[in-house]
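Contents: one structure, followed by commentary.
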Amino acid sequence: MIALRYPGAFLGVTFLAVLLLASFVAPVLFDLDPLAQDLAAALDPPNAEHWFGADELGRDILARVIAGARTSLVTAGGAVLIAGAIGVPIGLVAGFFGGWRDAVLMRIVDVLLALPNILFAMALIAVLGRSQGAALVAVGITGIPSFARITRAQVLSLRSRDFVVAVEAMGGSAGYAMFRTVLPNAWSPILVQVVILSSVAILLEAALAFLGVGIPPPAPSWGEMLRTGKSYLYEAPTYAVLPGLVLTLTILSLDTLGRTLARILEDRADHAGDAA
Amino acid sequence: MSPTSSGGAAPPDAPVLSVRDLAVSFGAGRVVRGIDFDVFPGEVLGIVGESGSGKSVTALAISGLLDASANVSGSVRFAGLEITTANPEDLRHMRGVDVGMIFQDPTTTLNPVLTIGRQVTEGQVAHRLISAEAADAQAEALLREVDIPDPAARIGQFPHQFSGGMRQRAVIAMAMAGHKKLIIADEPTTALDVTVQAQVLAVLARRRAETGAAVILITHDLGVVAEVADRVAVMYAGRIVETGTVDAIFRTPRHPYTSGLLRSLPRLDTVAERLQPIDGQPPIASRLPSGCAFHPRCAIGRERPECQTEPVLRDIAPGASVACHFPQSEAATLPARIASEARGARGAPLLEIEDLRVHFPIRSRLLRRRIGWVRAVDGVNLTVHAGETVGLVGESGCGKTTTGRAIMGLLPASGGRIRFDGEDITGLPRSELRRIRRQMQYVFQDPFASLNPIRTAGEIVAEPLRIHGLYDQMGGDIYIGGLFEKVGLSAAMMGRLPRQFSGGQKQRIGIARALALQPRLLILDEPVAALDVSIQAQIVNLLQDLQRELGLAYLFVAHDLSVVRHICDRVAVMYLGRIVEESTRDALYATPVHPYTQSLLSAVPLPDPALRNARRRIVLRGEIPSPARPPTGCTFHPRCFRATARCAAEAPVFASYPGLPSSVACHFPGAAE
C-alpha cells in the first residue's frame, strides 16, 4: 500500500535493507575476506570468482565493498548519534528558554556552522590521529548545528502553543514541559534530519577516506577504494566505478527516504488538522 | 439598517443569481448536497449555518472559485452565464465587473506589498473600466465612500498600516467598486470586534443602498443576519433546510434545527435560566446520517419512520419553504424566557486583585534597547467571591486575557497585588505557586490548541495529577473516568487522541483537566468563543451545572456580551488595560453608565429583526488605540461621544456611582438618554 504510493522510497528502503543485511550478515554466512590477497588475480575484471573483479593486490572488490559498507554505516550511525545527542538538547534549551541561553548556545552553533566540514574534520583527525573513532567524532560534531537549529525552530513554534502553556498552568516544571510535552511533539522533523544527516555523514566519511585521512588501510572503506581505484581507471574501470555506484545509490536511497518521510509526516500533520 | 431596504417583500424582478440543484463534493465528502435558491436585485440574502454546513463552499461555487479537486454538479446561473461550466476568461470578467467578494479575514485578502489605493482599483483598471491615470482619484473616492479618514493620504499606504476594521472597509470598497450586481460576503465581520463590526455593517448597508447591488451574506451569527438580511436560508449538512423572510425565520421558525438554534442562543436582551442546546454534534460531510441528516439531533423526528428518508425542500407558505417531514406550525413559537435572578456576592473574597499592572517592554530592533512599554494591563481591581461568576468583558487588545494569565502566574505582574484566599501570591517562588495552582485552574479559548495532540484524552486529563504526584492518591483511572462522566463524555473515550474529538468535546476535555485537581477557582478564557452556537449552549450549561455542583468560582473572560449576561453574576468592562465599569449583571445591562459600556451594548446585533429599526445604536468612531501609545487623560476620550477638554487632560478615577451598585471610571457617567 505505502510501497505503491511512494515507489521511490520503497526502492530506497529495499536497497538500504539489502546493504545492511549484506554488510552484517553476509560475512558470517559466506567466505568473504576483504583482506585475502591473490596476486594472480590482480586487477581482474568481474568474473565468476570475483563478481566485482579484484583490486591491485588481488583482493575481492565485492568483499571489500561489503566490508566498506559496514565502515560507512557504523561511522554514519555513530556520527548521527553524537550530533543528535548534543544538537537536540542544545536546540531544546535554546528554544524553550530563549534569552541569554539562546544567544550563547546559538552563537556556539553558528561558529560550528561557519567551519568548513572537511577542513574541521581533517584538523580534528590531525589531533586525534587516523582512526575510525576519530572520523566518527569529527563527522558527528559537524552535524550538531543542523540538529540544534531544527530542534530550536520546532520548539519555538511549540513553545507558545496553548497546550505547553497549559502545563505551566497545571504547575508542571520547565523540565517536564520541555522533555515530556515539547520534545515528543517535535520528533518528526528531527527524524527526517536523522535520515538526511546519515547521507551527509556517509558522504563526508567517504570524502575523508578519499583524501587519505579516513580510516587507515588496509581496512576497507568506499572512499579509500575510490582513491586507489582512480589510479587504475584504464586497466580496471570497474575497480573505481562499482564502489562509486554503491555509494551513489546509498546516498540516493537515503535522500529519497528522507524526502518521502518529510512528506508523509507533513501529510499526517495536515490530516490531523482536518479531522479536528 | 437603512429604512429604505425593502423588508423582504415579493421581489418584482428576475433573479440576479439562480442556483439549482447545486452539489459539491470533495472525494467522499459531500459538502453541498443539492441546493436551490434565487437572489433578487437589491436584496440581502443571509445564508446561515454552523461550521461544516457547506455555506462557504456554496459561496466559492457561486463565484467559480472552487479548485480542481471539487466535484461540482447542478447549475449556477448569473446574468445569463452558467458558472459551473463557464470558461476561465468569462469567469474572470464576471468577477472583475459584476461580482464583488468580501472574505472573512481582511489581512489575508489584501496583498501586503501593494498600496491600498492600487489594490482598490486594480480590478477596474485590469478590466479597462477606468484608465490607469484616473485610478488614484477613483481609489480616493472609494475610500471616502467607506468612511476611511484622510483618503488622499491613505491610498499610498500599505495594508499593515491599516487597522483591522479599516482593512475590511478597504475590502468592501474594492468589492463594491464600479457597478456590481452581486456582492458575496463570507463572514465579513467575524474577525472584527463588536464596535468595529457595527461600523462595517453600517458601511456595507449604506453602500448596498447606494449601489443597489444584491448581497449574499454568509454567516454563523444569527444577530448579524437579523440585523442585515431581508431573506434567510438556513443550511445544515450541505442542504438548505429552511428559507423565508427574516421576520418569519426569527418569529416562526418551521424547521426544528432553526428553532433549536434560536433557543440555544444566549440573548443580550433577556436572561434565561438555562439555554436549550441542540443535542449531539453537527455531522461530518463524509459520514452523514441516513435519512434526514438532522434526525439524530432532532427533538421532533427522532425515531419516527418518516425521518429515515431525506425530506425535500417544499413551499409551505408564500416565500417560505422547509425541508422537514414535521414542520412546526405557526403557533410553535419560541417559549417565553424565564428571567433568572443574578446571585449576590457572598462570603469572603476568594480572589482579590489590586491595581494589577502588566507591562511589556518594547525593544528597538537594532540594539534591543528598551524604547517603551506596552501597558497591556494598567491598574485593574477585581474581586471574585467563592461560588460566583465574574465576567471580564472587552474587545480584543483590552488586556482581559493578559489579566487572566497574570492571575495564573503565567505572565509576571509588573505591579499590584493578587491575593488568593487572603494570601498574597504576587512574587511567590515557583514551589509556593505550585501549591496555589492546585486551587486555581485555567481553561483555554481554543480547544484545538490547548490539548497535547500526541497524548490520549485520558492522559491529558490525568496530567495535572501526575505533575503533582497525586494520581494514585486521587484514585487513578477510576477518578479520571469519573471526571469524563462529569463533563458529559463517556469514560470509554479515554484512549482516544484529541484529533478524534469534535470541538465541543475537546473543550469538555479541557474542562475535565482543569477540574482534576479539584480547584476552587476556574479562570475561563473565552471558553466558548471557538465553538458553534449549538455547541456553545452545551458548554455554557455544563459550566453552570459544575458550578452548582462543586461550588466553583469562575472568572469568565469573554468578548461576547450575550454569553456573559447569561452566565455571570457580576461584570467588569475593560478598555485599554483598565476597568471602566463594574457592576452586578442586572444593573450593568439595564443601566450602563459608562459611555463605552453603552456603545458596546448597543453595537451587539440582536437576533430579532423587529428591533432592527427600533433600537438606537451608538456607532463609535475609530478603533481601540494601541496600548503602547494610550491617549492622554481618559483613554477612551478620542472615541467618546461625551468627551470634553477635561477628558483629554485628566484621567478619571474609578468610583462608585450613586444610586446603582456600579463603579465607573468616567468624568461624565450617566444613563444613556
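Every chain in the C-alpha cells has a letter given in the order shown (A, B, ...), and although residue numbers restart at 1 in each chain, ligands are simply numbered from 1 in the order shown.
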Checklist line | Counting only C-alpha atoms, chain B residues within 10 Å of chain A, as a VMD selection string | finding: chain B and resid 284 405 408 to 410 430 to 431 433 to 438 440 to 455 460 463 to 468 498 to 503 506 510 513 to 514 516 to 517
Notebook entry, point to check: In region 88-253 of chain A, what's helix (DSSP H, G or I) per DSSP? Answer as a PyMOL selection string?
Noted result: chain A and resi 88-97+99-114+117-128+132-159+162-170+174-185+187-210+222-232+237-253
Note to self: What's the separation between CA of Leu143 (chain B) and CA of Ile155 (chain B), in Å to one decimal place?
What the structure shows: 7.9 Å
Check: What is the CA of Ile35 (chain B)-CA of Thr109 (chain B) distance in Å, reported with one decimal?
Finding: 27.5 Å
Item checked: One-decimal distance in Å that lies between CA of Leu91 (chain B) and CA of Val234 (chain B) -> 27.3 Å
Next item on the list: Write out as a ChimeraX atom specification each polymer residue whose atoms come within 8 Å of Leu136 (chain A), counting only C-alpha atoms; drop sequence neighbours fewer than 2 positions from it.
Entry: /A:75-76,78-79,132-134,138-140,205
